[in-house]
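Visitor: I'm passing along input-v1.csv; it holds CSV, C-alpha atoms.
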chain,number,residue,atom,x,y,z
L,1,MET,CA,20.6,-68.3,3.2
L,2,SER,CA,22.4,-70.9,1.2
L,3,THR,CA,24.9,-73.6,2.1
L,4,ASN,CA,26.0,-73.9,-1.5
L,5,ARG,CA,29.8,-74.3,-1.6
L,6,LYS,CA,29.9,-72.3,-4.8
L,7,LEU,CA,29.7,-69.3,-2.4
L,8,VAL,CA,32.5,-66.8,-3.1
L,9,PHE,CA,34.1,-65.7,0.1
L,10,ALA,CA,34.7,-62.0,0.3
L,11,ASN,CA,36.9,-59.9,2.6
L,12,ASP,CA,35.2,-58.2,5.5
L,13,GLU,CA,32.2,-60.6,5.2
L,14,ALA,CA,31.3,-63.0,8.0
L,15,TYR,CA,30.5,-66.7,7.5
L,16,HIS,CA,29.2,-69.6,9.6
L,17,ILE,CA,31.3,-72.6,8.6
L,18,PHE,CA,30.8,-76.1,9.9
L,19,ASN,CA,31.5,-79.7,9.2
L,20,ARG,CA,31.1,-83.1,10.9
L,21,GLY,CA,33.0,-86.4,11.0
L,22,VAL,CA,33.0,-88.6,7.9
L,23,GLU,CA,30.2,-91.2,8.3
L,24,LYS,CA,29.2,-89.1,11.4
L,25,ARG,CA,32.2,-90.7,13.3
L,26,PRO,CA,33.6,-89.0,16.4
L,27,THR,CA,36.3,-86.5,15.7
L,28,PHE,CA,37.1,-85.2,19.2
L,29,THR,CA,37.1,-88.2,21.5
L,30,ASP,CA,38.7,-86.9,24.6
L,31,LYS,CA,40.0,-83.7,26.3
L,32,ARG,CA,43.4,-84.0,24.7
L,33,GLU,CA,41.9,-84.1,21.2
L,34,LEU,CA,39.6,-81.2,22.1
L,35,GLY,CA,42.6,-79.3,23.4
L,36,ARG,CA,44.6,-80.0,20.2
L,37,GLY,CA,41.6,-78.7,18.2
L,38,ILE,CA,41.6,-75.4,20.1
L,39,LYS,CA,45.4,-75.0,19.6
L,40,THR,CA,44.8,-75.7,15.9
L,41,ILE,CA,42.2,-73.0,15.6
L,42,ASP,CA,44.4,-70.5,17.4
L,43,PHE,CA,47.5,-71.3,15.3
L,44,TYR,CA,46.0,-71.5,11.8
L,45,ARG,CA,44.0,-68.3,11.9
L,46,PHE,CA,47.2,-66.6,10.8
L,47,ALA,CA,48.5,-66.5,7.2
L,48,ASN,CA,51.9,-67.7,5.8
L,49,LEU,CA,53.2,-69.3,9.0
L,50,PRO,CA,56.8,-70.4,8.7
L,51,LEU,CA,56.3,-73.7,10.5
L,52,LYS,CA,53.5,-76.2,11.2
L,53,LEU,CA,51.7,-76.6,14.5
L,54,SER,CA,53.3,-79.9,15.1
L,55,LYS,CA,56.8,-78.3,14.9
L,56,PHE,CA,55.7,-75.3,17.0
L,57,LEU,CA,54.5,-77.5,19.8
L,58,VAL,CA,57.9,-79.2,20.3
L,59,LEU,CA,59.8,-75.9,20.6
L,60,PRO,CA,61.2,-74.9,24.0
L,61,GLU,CA,58.8,-72.7,25.9
L,62,SER,CA,61.0,-69.6,25.4
L,63,GLU,CA,61.0,-70.2,21.6
L,64,LYS,CA,57.3,-70.7,21.6
L,65,THR,CA,56.8,-67.3,23.4
L,66,LYS,CA,59.1,-65.5,20.9
L,67,PHE,CA,57.3,-67.1,18.0
L,68,ILE,CA,53.8,-66.2,19.2
L,69,GLN,CA,54.9,-62.6,19.9
L,70,LYS,CA,56.3,-62.4,16.4
L,71,VAL,CA,53.2,-63.9,14.8
L,72,HIS,CA,50.8,-61.7,16.7
L,73,GLY,CA,52.8,-58.6,15.9
L,74,GLU,CA,53.7,-59.2,12.3
L,75,TYR,CA,51.5,-61.8,10.6
L,76,GLN,CA,48.2,-61.1,9.0
L,77,LYS,CA,45.1,-63.1,10.0
L,78,LEU,CA,43.4,-65.2,7.4
L,79,VAL,CA,40.2,-64.7,9.4
L,80,GLN,CA,39.0,-63.2,12.6
L,81,ILE,CA,37.4,-66.0,14.7
L,82,ILE,CA,34.2,-64.4,16.0
L,83,CYS,CA,33.1,-67.6,17.8
L,84,TYR,CA,33.8,-71.3,17.8
L,85,CYS,CA,32.6,-74.6,19.2
L,86,LEU,CA,34.1,-78.1,19.1
L,87,MET,CA,31.6,-80.9,19.6
L,88,PRO,CA,32.3,-84.7,19.8
L,89,ASN,CA,31.6,-85.2,16.0
L,90,HIS,CA,31.6,-81.8,14.5
L,91,PHE,CA,32.7,-78.2,14.7
L,92,HIS,CA,31.2,-74.7,14.2
L,93,PHE,CA,33.1,-71.5,13.4
L,94,LEU,CA,31.8,-68.0,12.9
L,95,VAL,CA,34.5,-66.1,11.0
L,96,LYS,CA,35.2,-62.9,9.2
L,97,GLN,CA,37.5,-63.1,6.2
L,98,THR,CA,40.4,-60.6,6.5
L,99,LYS,CA,42.6,-61.9,3.6
L,100,THR,CA,41.6,-63.1,0.2
L,101,ASN,CA,40.8,-66.8,0.3
L,102,GLY,CA,41.2,-66.6,4.0
L,103,VAL,CA,38.1,-68.7,4.9
L,104,SER,CA,39.0,-71.5,2.6
L,105,ALA,CA,42.7,-71.5,3.7
L,106,PHE,CA,41.8,-71.4,7.4
L,107,ALA,CA,39.3,-74.3,7.0
L,108,ALA,CA,41.8,-76.4,5.0
L,109,ASN,CA,44.7,-75.7,7.4
L,110,PHE,CA,42.5,-76.6,10.4
L,111,THR,CA,41.1,-79.8,9.0
L,112,ASN,CA,44.3,-81.0,7.4
L,113,SER,CA,46.4,-80.4,10.5
L,114,TYR,CA,43.9,-81.9,12.9
L,115,THR,CA,43.2,-84.9,10.7
L,116,LYS,CA,46.9,-85.7,10.5
L,117,TYR,CA,47.2,-85.5,14.3
L,118,PHE,CA,44.0,-87.6,14.8
L,119,ASN,CA,45.0,-90.2,12.2
L,120,THR,CA,48.5,-90.6,13.6
L,121,LYS,CA,47.1,-91.0,17.1
L,122,HIS,CA,44.5,-93.6,16.1
L,123,GLU,CA,46.5,-95.3,13.4
L,124,ARG,CA,44.0,-94.6,10.7
L,125,VAL,CA,44.2,-93.2,7.2
L,126,GLY,CA,41.9,-91.1,5.0
L,127,PRO,CA,39.6,-88.1,5.5
L,128,LEU,CA,38.3,-87.4,9.0
L,129,PHE,CA,35.7,-84.8,8.0
L,130,GLN,CA,32.8,-85.0,5.6
L,131,GLY,CA,33.8,-83.6,2.2
L,132,LEU,CA,33.8,-79.8,1.7
L,133,PHE,CA,32.9,-77.8,4.8
L,134,LYS,CA,29.5,-76.1,4.7
L,135,ALA,CA,29.3,-72.3,4.7
L,136,VAL,CA,26.6,-69.7,5.2
L,137,ARG,CA,27.2,-66.0,4.6
L,138,ILE,CA,26.0,-63.7,7.5
L,139,GLU,CA,23.8,-61.0,6.0
L,140,SER,CA,22.9,-58.8,9.0
L,141,ASP,CA,23.9,-58.0,12.6
L,142,GLU,CA,20.8,-59.7,13.7
L,143,GLN,CA,21.8,-62.9,12.0
L,144,LEU,CA,25.3,-62.5,13.4
L,145,MET,CA,23.9,-62.4,16.9
L,146,HIS,CA,21.6,-65.4,16.4
L,147,VAL,CA,24.3,-67.6,14.8
L,148,SER,CA,26.7,-66.8,17.6
L,149,ARG,CA,24.0,-67.9,20.1
L,150,TYR,CA,23.3,-71.1,18.1
L,151,ILE,CA,27.0,-72.0,18.1
L,152,HIS,CA,27.5,-71.3,21.8
L,153,LEU,CA,24.3,-73.2,22.7
L,154,ASN,CA,25.3,-76.3,20.7
L,155,PRO,CA,26.6,-78.3,23.7
L,156,VAL,CA,23.4,-77.6,25.6
L,157,SER,CA,20.9,-78.1,22.7
L,158,SER,CA,22.6,-81.4,21.9
L,159,PHE,CA,22.2,-82.5,25.5
L,160,LEU,CA,25.9,-82.8,26.0
L,161,ILE,CA,25.9,-80.6,29.1
L,162,ARG,CA,23.4,-78.8,31.3
L,163,PRO,CA,22.7,-75.1,30.7
L,164,ASP,CA,24.4,-74.2,34.0
L,165,GLN,CA,27.6,-75.9,32.7
L,166,LEU,CA,27.8,-73.8,29.5
L,167,LYS,CA,30.0,-71.1,31.0
L,168,ASN,CA,32.6,-73.9,31.8
L,169,TYR,CA,32.5,-75.5,28.4
L,170,GLN,CA,36.1,-74.8,27.5
L,171,TRP,CA,35.9,-76.1,23.9
L,172,SER,CA,33.9,-73.1,22.8
L,173,SER,CA,34.4,-69.3,22.8
L,174,TYR,CA,31.5,-68.8,25.2
L,175,PRO,CA,33.8,-68.6,28.3
L,176,GLU,CA,35.9,-66.1,26.4
L,177,TYR,CA,32.8,-63.9,25.9
L,178,LEU,CA,32.2,-63.9,29.7
L,179,ASP,CA,35.9,-63.3,30.6
L,180,LEU,CA,36.0,-66.8,32.2
L,181,SER,CA,38.8,-68.2,30.0
L,182,SER,CA,42.5,-67.5,29.5
L,183,GLU,CA,42.1,-68.1,25.7
L,184,ARG,CA,42.3,-65.0,23.5
L,185,ILE,CA,41.2,-66.6,20.2
L,186,ALA,CA,37.8,-64.9,19.6
L,187,ASP,CA,37.4,-61.4,18.3
L,188,LYS,CA,34.4,-61.3,20.6
L,189,GLU,CA,33.7,-57.6,20.5
L,190,ILE,CA,32.3,-58.0,17.0
L,191,VAL,CA,29.3,-59.6,18.7
L,192,LEU,CA,29.5,-58.1,22.2
L,193,ASP,CA,29.4,-54.5,20.8
L,194,LEU,CA,25.9,-55.3,19.6
L,195,PHE,CA,24.8,-55.7,23.3
L,196,PRO,CA,24.8,-53.2,26.2
L,197,SER,CA,26.9,-55.6,28.4
L,198,LYS,CA,28.3,-59.1,28.6
L,199,GLU,CA,25.5,-59.9,31.0
L,200,LYS,CA,22.9,-59.0,28.4
L,201,TYR,CA,24.6,-61.3,25.9
L,202,LYS,CA,24.6,-64.1,28.5
L,203,GLN,CA,20.9,-63.6,29.0
L,204,PHE,CA,20.4,-63.5,25.2
L,205,VAL,CA,22.1,-66.9,24.9
L,206,LEU,CA,20.5,-68.6,27.9
L,207,ASP,CA,16.9,-67.4,27.2
L,208,GLN,CA,16.8,-69.6,24.2
L,209,VAL,CA,18.0,-72.9,25.7
L,210,ASP,CA,14.6,-74.7,25.5
L,211,TYR,CA,13.9,-73.3,22.0
L,212,ALA,CA,17.3,-74.4,20.8
L,213,ARG,CA,16.7,-77.9,22.1
L,214,GLU,CA,13.4,-78.1,20.3
L,215,LEU,CA,15.0,-77.1,17.1
L,216,GLU,CA,18.0,-79.5,17.4
L,217,SER,CA,16.1,-82.3,15.7
L,218,ILE,CA,15.9,-80.2,12.5
L,219,GLN,CA,18.8,-77.8,12.8
L,220,HIS,CA,21.4,-80.6,12.6
L,221,LEU,CA,20.0,-81.5,9.2
L,222,VAL,CA,22.1,-78.8,7.6
L,223,LEU,CA,25.1,-81.1,8.3
L,224,GLU,CA,23.6,-83.9,6.4
L,225,ASP,CA,24.2,-82.7,2.8
In C-alpha cells, what does this structure look like?

Guide:
Amino acid sequence: MSTNRKLVFANDEAYHIFNRGVEKRPTFTDKRELGRGIKTIDFYRFANLPLKLSKFLVLPESEKTKFIQKVHGEYQKLVQIICYCLMPNHFHFLVKQTKTNGVSAFAANFTNSYTKYFNTKHERVGPLFQGLFKAVRIESDEQLMHVSRYIHLNPVSSFLIRPDQLKNYQWSSYPEYLDLSSERIADKEIVLDLFPSKEKYKQFVLDQVDYARELESIQHLVLED
C-alpha cells in the first residue's frame, strides 16, 4: 500500500483518505464544529451543486427539504461514503469514487468549506489542514473490512472514549452501521454485505479494541508525512 499522492483515483475503486490539522492543531473543537463537519460531508458528496453549504443552511426549512429531495433524486455523487470519522484534530473517510475526479473534488470541497467556516468562527486565516490529503487505495474486501474497523475504532484507540461509548459516537458512521443514528450518509452495505449480520460486524470491530490501542502509537505515523 502506498500513501503517495501521485495516486490516480479511478471510478469504482475505494480509497482511505485522511488528513490532520496543520501543525497538529485542533480542527473540531466542540460539538457545533463536529456537527458542521458532518453536514459538510453529507452535502459535498454530491457533484455540481447549485449553491454552497453556507447558503443552503440559511434557507427556510421547506426550501431545504425541496433542495435535498432534488439533490438526492437528480444529482450524481462524487463518491460513495463507505464510512467516516471526525476526530479532534483529524478526519478519516473510506470512499468509493463514482465520478471522474470525485475523490479529489470531494476532499477539496470538504476541506475548503469547513476551513472557511472554522476560520470565520475563530477569526483566523490560512490553511486548516496539513497540505494534500493522504490516500491509500483499497485492494481487497479484506482490506476494506479492516480499514472500516480501523476508522470506526479511532475514537477508542486514541483513548478519546471508552469502548462501550463507541456506539454513541455520533461523529462517525459506526452508529449508522448499527442503525442507531438518523444520519443516512454512509453506503454501509458495501461493508455490511461482507458480514452475516450487523451483530457480526459489531463483534468484528470490538474484538480488536486492545490491539488497535497497541497499534495507535505507530498507526498515527501515517499522518506525519

Visitor: What is the CA of Pro155 (chain L)-CA of Asn89 (chain L) distance in Å, reported with one decimal?

Guide: 11.5 Å

Visitor: For CA of Lys200 (chain L) and CA of Met87 (chain L), determine how far apart the two atoms are, in Å to one decimal place.

Guide: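 We find that CA of Lys200 (chain L) and CA of Met87 (chain L) lie 25.2 Å from each other.
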
Visitor: Considering all atoms listed in the file, can you say which of L:Asp42, L:Asp193, L:Pro60, L:Gln80 comes closest to Gln97 (chain L)?

Guide: L:Gln80

Visitor: Between L:His122, L:His72, L:Lys134, L:Lys55, which one has atoms that come closest to Asn19 (chain L), using only C-alpha atoms?

Guide: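 Looking at the shortest contact to Asn19 (chain L), the residue is L:Lys134.
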
Visitor: Find the residues around Ile81 (chain L) up to 8 Å (only C-alpha atoms counted), leave out those fewer than 5 positions away in its own chain, and share them as a list in words.

Guide: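 Returned residues: Arg45, Phe93, Leu94, Val95, Lys96, Ile185, Ala186 and Asp187 of chain L.
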
Visitor: Between CA of Arg184 (chain L) and CA of Ile38 (chain L), what is the distance, to one decimal in Å?

Guide: 11.0 Å

Visitor: Taking only residues of region 117-196 of chain L that have an atom at most 10 Å from an atom of region 205-208 of chain L, what is each one's shortest atom pair and its distance in Å to one decimal, using only C-alpha atoms, in chain and number order, as JSON lines?

Guide:
{"residue": "L:Met145", "atom": "CA", "partner": "L:Val205", "partner_atom": "CA", "distance": 9.4}
{"residue": "L:His146", "atom": "CA", "partner": "L:Val205", "partner_atom": "CA", "distance": 8.6}
{"residue": "L:Ser148", "atom": "CA", "partner": "L:Val205", "partner_atom": "CA", "distance": 8.6}
{"residue": "L:Arg149", "atom": "CA", "partner": "L:Val205", "partner_atom": "CA", "distance": 5.3}
{"residue": "L:Tyr150", "atom": "CA", "partner": "L:Val205", "partner_atom": "CA", "distance": 8.1}
{"residue": "L:Ile151", "atom": "CA", "partner": "L:Val205", "partner_atom": "CA", "distance": 9.8}
{"residue": "L:His152", "atom": "CA", "partner": "L:Val205", "partner_atom": "CA", "distance": 7.6}
{"residue": "L:Leu153", "atom": "CA", "partner": "L:Val205", "partner_atom": "CA", "distance": 7.0}
{"residue": "L:Val156", "atom": "CA", "partner": "L:Leu206", "partner_atom": "CA", "distance": 9.7}
{"residue": "L:Ser157", "atom": "CA", "partner": "L:Gln208", "partner_atom": "CA", "distance": 9.6}
{"residue": "L:Pro163", "atom": "CA", "partner": "L:Leu206", "partner_atom": "CA", "distance": 7.4}
{"residue": "L:Asp164", "atom": "CA", "partner": "L:Leu206", "partner_atom": "CA", "distance": 9.2}
{"residue": "L:Leu166", "atom": "CA", "partner": "L:Leu206", "partner_atom": "CA", "distance": 9.1}
{"residue": "L:Tyr174", "atom": "CA", "partner": "L:Val205", "partner_atom": "CA", "distance": 9.6}

Visitor: Here is a test: counting all atoms listed in the file, which residue of L:Asp12, L:Asp179, L:Glu23, L:Glu33 is nearest to Asn101 (chain L)?

Guide: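 For Asn101 (chain L), the nearest of the candidates is L:Asp12.
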
Visitor: With all atoms listed in the file as the atoms that count, which of L:Lys64, L:His16, L:Lys116, L:His90 lies nearest to Phe43 (chain L)?

Guide: L:Lys64

Visitor: Taking only C-alpha atoms into account, which of L:Glu74, L:Glu139, L:Val191, L:Ile82 comes nearest Phe204 (chain L)?

Guide: L:Val191

Visitor: I'd like the neighbourhood of Phe46 (chain L) as a compact mmCIF listing (two decimals) with C-alpha atoms, in the frame of the given file, where a residue qualifies if any of its atoms comes within 6 Å (using only C-alpha atoms), though same-chain residues fewer than 4 positions away should be ignored.

Guide:
# COMPACT_ATOMS: atom_id res chain seq x y z
CA GLN L 76 48.20 -61.10 9.00
CA LYS L 77 45.10 -63.10 10.00
CA LEU L 78 43.40 -65.20 7.40

Visitor: Which of these, L:Phe91, L:Phe28, L:Phe195, L:Tyr44, has the shortest distance to Phe106 (chain L) once you count all atoms listed in the file?

Guide: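 Ranking L:Phe91, L:Phe28, L:Phe195, L:Tyr44 by distance to Phe106 (chain L), first place goes to L:Tyr44.
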
Visitor: Write out as a VMD selection string the residues lying within 7 Å of Ile138 (chain L), counting only C-alpha atoms and excluding same-chain residues fewer than 6 positions away.

Guide: chain L and resid 14 to 15 144

Visitor: Got a sec: who's within 12 Å of Lys39 (chain L), counting only C-alpha atoms, leaving out chain neighbours fewer than 5 positions off, as number ranges by chain?

Guide: L: 32-34, 44-45, 52-54, 56-57, 86, 110, 113-114, 117, 171, 183-185
